[in-house]
Amino acid sequence: MDVAVLAYDGVFDSGFAAILDVLQAAGSMREELPQPPPAWRVTTVGFARQVRTGAGHLVSCAPVGEAGRADLLIVPALAERRPDALLAEAAGPATAEVRRLLAESRERGASVASACTGTFLLAESGVLDGRRATTSWWLAPHFRPRYPKVTLDQTRMVTASDGVITAGAAFGHVDLALAVVRMSSPALADLVARYLVIDERPSQSAYTIPGALAQHDPTVAAFERWIRARLDQPLSIADAAGALGVGERTLQRAVRRVMGTSPVRFVQDLRVEQARHLLRTTDLSVESIARRVGYEHPGTLRVLLRRRTGSTVADLRGR
């Protein structure tokens, strides 16, 4: 595989470096396998001979024309955390060349990949239309309404959809690079992960802060407060809508628009969040914690925790 990693003015330093580090490690370790995968070439390309990263470092680049022969173009994230500024930069003239390169790469059949804020560049270029994608969980309320043609799942750490690979939050660049290695050799990806001490993280759910997302809409924020005051009780979405003075369908649409999920699942998310907090900070029994978050049987909570966090009660308590 011929991989081009794009460096551009304002690129996120850690994401850019993580991709190069993981791919370089994979290249140096491939001979340790009994049946090594084919070698691949990784080239840093740019629109100038030197570009300045978001942190102000200079990076030397090969001409961007070399990306024309790459099988995969990786565009690391933008070093911009403010949603309004991110949207403006992703659609503005400063990144026009990046968006054009992404579109041209897909037109000739190459795969493209990005993570975190870089997913906005992919969406602006049109290469995500009609495809599944992920981005940093806290950016989902800004991404979803701007790009309605993209099916966003902010719970995933990595998604692959018809030649386009996306990954979640900032250090999801590590997961993105490992996914690229895994396409060539799952055994090599596992080897690299062990040497670099990288835990498998298939989901962002364990890192999501539901309350932070809820604040993007007054109805959803009020719904969150209503739930938290009654976590130990059986809850009805109809009762919640009535208490908030909105229709049940209105509440469902608002939660879906902001959270990307249903009101019932949002309730479960808040219960899981509180249960994790109690497991880590108290000596309460699992039975007692289950009752405090609205579950009569601790087995129900155990199953939900494993599904949502990938961890057992013992794992969470040990942390």
# chains A, B, ... in the order shown; residues from 1 in each chain; ligands from 1
$ closest_atom_pairs --of "range 196-268 of chain A" --to "range 140-149 of chain A" --cutoff "9 Å" --atoms "only C-alpha atoms" --output "JSON lines"
{"residue": "A:Leu213", "atom": "CA", "partner": "A:Pro141", "partner_atom": "CA", "distance": 7.1}
{"residue": "A:His216", "atom": "CA", "partner": "A:Pro141", "partner_atom": "CA", "distance": 7.1}
{"residue": "A:Arg257", "atom": "CA", "partner": "A:Pro141", "partner_atom": "CA", "distance": 7.3}
{"residue": "A:Val258", "atom": "CA", "partner": "A:Pro141", "partner_atom": "CA", "distance": 5.1}
{"residue": "A:Met259", "atom": "CA", "partner": "A:Pro141", "partner_atom": "CA", "distance": 6.9}
{"residue": "A:Gly260", "atom": "CA", "partner": "A:Ala140", "partner_atom": "CA", "distance": 8.0}
$ write_last_selection --atoms "N, CA, C and O atoms" --output "short mmCIF file (atom, residue, chain, number, x, y, z; two decimals), in the first residue's frame"
data_model
loop_
_atom_site.label_atom_id
_atom_site.label_comp_id
_atom_site.auth_asym_id
_atom_site.auth_seq_id
_atom_site.Cartn_x
_atom_site.Cartn_y
_atom_site.Cartn_z
N LEU A 213 -23.41 17.18 26.03
CA LEU A 213 -24.15 17.19 24.77
C LEU A 213 -25.54 17.79 24.95
O LEU A 213 -26.02 18.53 24.09
N HIS A 216 -26.74 21.63 24.40
CA HIS A 216 -26.88 22.26 23.09
C HIS A 216 -28.33 22.58 22.74
O HIS A 216 -28.58 23.23 21.72
N ARG A 257 -31.98 14.70 17.52
CA ARG A 257 -31.19 15.71 16.81
C ARG A 257 -29.90 16.04 17.55
O ARG A 257 -28.83 16.17 16.94
N VAL A 258 -29.98 16.17 18.86
CA VAL A 258 -28.82 16.59 19.65
C VAL A 258 -27.95 15.42 20.07
O VAL A 258 -26.72 15.47 19.98
N MET A 259 -28.58 14.34 20.53
CA MET A 259 -27.84 13.23 21.11
C MET A 259 -27.57 12.10 20.11
O MET A 259 -26.74 11.23 20.37
N GLY A 260 -28.34 12.10 19.00
CA GLY A 260 -28.17 11.02 18.04
C GLY A 260 -28.72 9.70 18.54
O GLY A 260 -28.29 8.63 18.09
#
$ closest_atom_pairs --of "range 13-54 of chain A" --to "range 108-132 of chain A" --cutoff "12 Å" --atoms "only C-alpha atoms" --output "tab-separated table"
residue	atom	partner	partner_atom	distance
A:Ser14	CA	A:Ala115	CA	11.6
A:Gly15	CA	A:Ala115	CA	8.1
A:Phe16	CA	A:Ala115	CA	10.2
A:Ala18	CA	A:Ala115	CA	11.4
A:Ile19	CA	A:Ser114	CA	10.1
$ write_last_selection --atoms "N, CA and C atoms" --output "PDB file, in the first residue's frame"
ATOM      1  N   SER A  14      -0.437  16.399  17.442  1.00  0.00           N
ATOM      2  CA  SER A  14      -0.447  15.055  18.021  1.00  0.00           C
ATOM      3  C   SER A  14      -1.059  14.031  17.077  1.00  0.00           C
ATOM      4  N   GLY A  15      -2.147  14.430  16.398  1.00  0.00           N
ATOM      5  CA  GLY A  15      -2.784  13.507  15.460  1.00  0.00           C
ATOM      6  C   GLY A  15      -1.871  13.178  14.296  1.00  0.00           C
ATOM      7  N   PHE A  16      -1.234  14.203  13.737  1.00  0.00           N
ATOM      8  CA  PHE A  16      -0.294  14.013  12.632  1.00  0.00           C
ATOM      9  C   PHE A  16       0.846  13.083  13.043  1.00  0.00           C
ATOM     10  N   ALA A  18       0.975  10.965  15.609  1.00  0.00           N
ATOM     11  CA  ALA A  18       0.517   9.625  15.988  1.00  0.00           C
ATOM     12  C   ALA A  18       0.364   8.721  14.776  1.00  0.00           C
ATOM     13  N   ILE A  19      -0.195   9.264  13.709  1.00  0.00           N
ATOM     14  CA  ILE A  19      -0.355   8.472  12.489  1.00  0.00           C
ATOM     15  C   ILE A  19       1.002   8.022  11.962  1.00  0.00           C
TER      16      ILE A  19
END
$ residues_around --residues "range 266-278 of chain A" --least-positions-apart "3" --cutoff "7 Å" --atoms "only C-alpha atoms" --output "PDB file with C-alpha atoms, in the first residue's frame"
ATOM      1  CA  PRO A 210     -24.144  13.094  28.156  1.00  0.00           C
ATOM      2  CA  ILE A 227     -34.113  12.459  34.531  1.00  0.00           C
ATOM      3  CA  LEU A 231     -32.806   8.203  38.383  1.00  0.00           C
ATOM      4  CA  THR A 261     -30.189   8.532  20.057  1.00  0.00           C
ATOM      5  CA  SER A 262     -33.647   7.903  21.524  1.00  0.00           C
ATOM      6  CA  PRO A 263     -34.944   9.308  24.840  1.00  0.00           C
ATOM      7  CA  THR A 281     -16.132   6.460  44.417  1.00  0.00           C
ATOM      8  CA  THR A 282     -18.101   4.378  46.969  1.00  0.00           C
ATOM      9  CA  ILE A 289     -26.110   0.961  43.173  1.00  0.00           C
ATOM     10  CA  VAL A 293     -30.034   4.172  39.260  1.00  0.00           C
ATOM     11  CA  LEU A 305     -22.412  -1.636  31.862  1.00  0.00           C
ATOM     12  CA  LEU A 316     -14.824  -0.362  36.911  1.00  0.00           C
TER      13      LEU A 316
END
$ closest_atom_pairs --of "range 64-96 of chain A" --to "range 166-189 of chain A" --cutoff "10 Å" --atoms "only C-alpha atoms" --output "Markdown table"
| residue | atom | partner | partner_atom | distance |
| --- | --- | --- | --- | --- |
| A:Leu72 | CA | A:Val180 | CA | 9.1 |
| A:Ile74 | CA | A:Ala177 | CA | 9.1 |
| A:Pro76 | CA | A:His173 | CA | 7.5 |
| A:Ala77 | CA | A:Ala170 | CA | 7.7 |
| A:Leu78 | CA | A:Ala170 | CA | 9.7 |
| A:Ala79 | CA | A:Ala170 | CA | 9.5 |
| A:Arg81 | CA | A:Ala170 | CA | 10.0 |
$ write_last_selection --atoms "C-alpha atoms" --output "PDB file, in the first residue's frame"
ATOM      1  CA  LEU A  72      -4.748   5.864   0.777  1.00  0.00           C
ATOM      2  CA  ILE A  74      -4.792  10.358   5.398  1.00  0.00           C
ATOM      3  CA  PRO A  76      -5.083  14.515  10.145  1.00  0.00           C
ATOM      4  CA  ALA A  77      -7.356  16.798  12.122  1.00  0.00           C
ATOM      5  CA  LEU A  78      -7.443  20.576  12.238  1.00  0.00           C
ATOM      6  CA  ALA A  79      -5.967  22.126  15.392  1.00  0.00           C
ATOM      7  CA  ARG A  81     -11.443  23.106  19.165  1.00  0.00           C
TER       8      ARG A  81
END
$ select_by_dssp --residues "range 1-241 of chain A" --states "strand (DSSP E or B)" --output "PyMOL selection string"
chain A and resi 2-6+11+41-46+50-52+58-60+62-63+72-75+78+111-115+132-133+151-152+156+158-161+164-167+203
$ closest_residue --among "A:Glu97, A:Val3, A:Glu32, A:Glu80" --to "Ala48 in chain A" --atoms "only C-alpha atoms"
A:Glu97
$ residues_around --residues "Pro63 in chain A" --least-positions-apart "3" --cutoff "6 Å" --atoms "only C-alpha atoms" --output "PyMOL selection string"
chain A and resi 45-46+66
$ closest_residue --among "A:Glu31, A:Pro218, A:Leu196, A:Gly294" --to "Asp232 in chain A" --atoms "only C-alpha atoms"
A:Gly294
$ select_by_dssp --residues "range 11-187 of chain A" --states "helix (DSSP H, G or I)" --output "JSON, numbers by chain"
{"A": [13, 14, 15, 16, 17, 18, 19, 20, 21, 22, 23, 24, 25, 26, 27, 28, 29, 30, 31, 32, 64, 65, 66, 67, 68, 69, 83, 84, 85, 86, 87, 88, 89, 90, 91, 93, 94, 95, 96, 97, 98, 99, 100, 101, 102, 103, 104, 105, 106, 107, 118, 119, 120, 121, 122, 123, 124, 125, 137, 138, 139, 140, 141, 142, 143, 144, 145, 146, 172, 173, 174, 175, 176, 177, 178, 179, 180, 181, 182, 183, 184, 186, 187]}
$ atom_distance --atom1 "CA of Thr43 in chain A" --atom2 "CA of Ala4 in chain A"
4.9 Å
$ residues_around --residues "Ala7 in chain A" --least-positions-apart "6" --cutoff "9 Å" --atoms "only C-alpha atoms" --output "NGL selection string"
:A and (16 or 44-47 or 50-53 or 59-61 or 75-76)
$ residues_around --residues "Ala193 in chain A" --least-positions-apart "6" --cutoff "9 Å" --atoms "only C-alpha atoms" --output "list in words"
Val22, Leu178, Asp199 and Glu200 of chain A
$ residues_around --residues "Asp217 in chain A" --least-positions-apart "3" --cutoff "9 Å" --atoms "only C-alpha atoms" --output "PyMOL selection string"
chain A and resi 213-214+220-222+254-255+258
$ closest_residue --among "A:Ala25, A:Ile165, A:Ala85, A:Leu33" --to "Ala133 in chain A" --atoms "only C-alpha atoms"
A:Ile165
$ atom_distance --atom1 "CA of Ala314 in chain A" --atom2 "CA of Asp190 in chain A"
25.0 Å
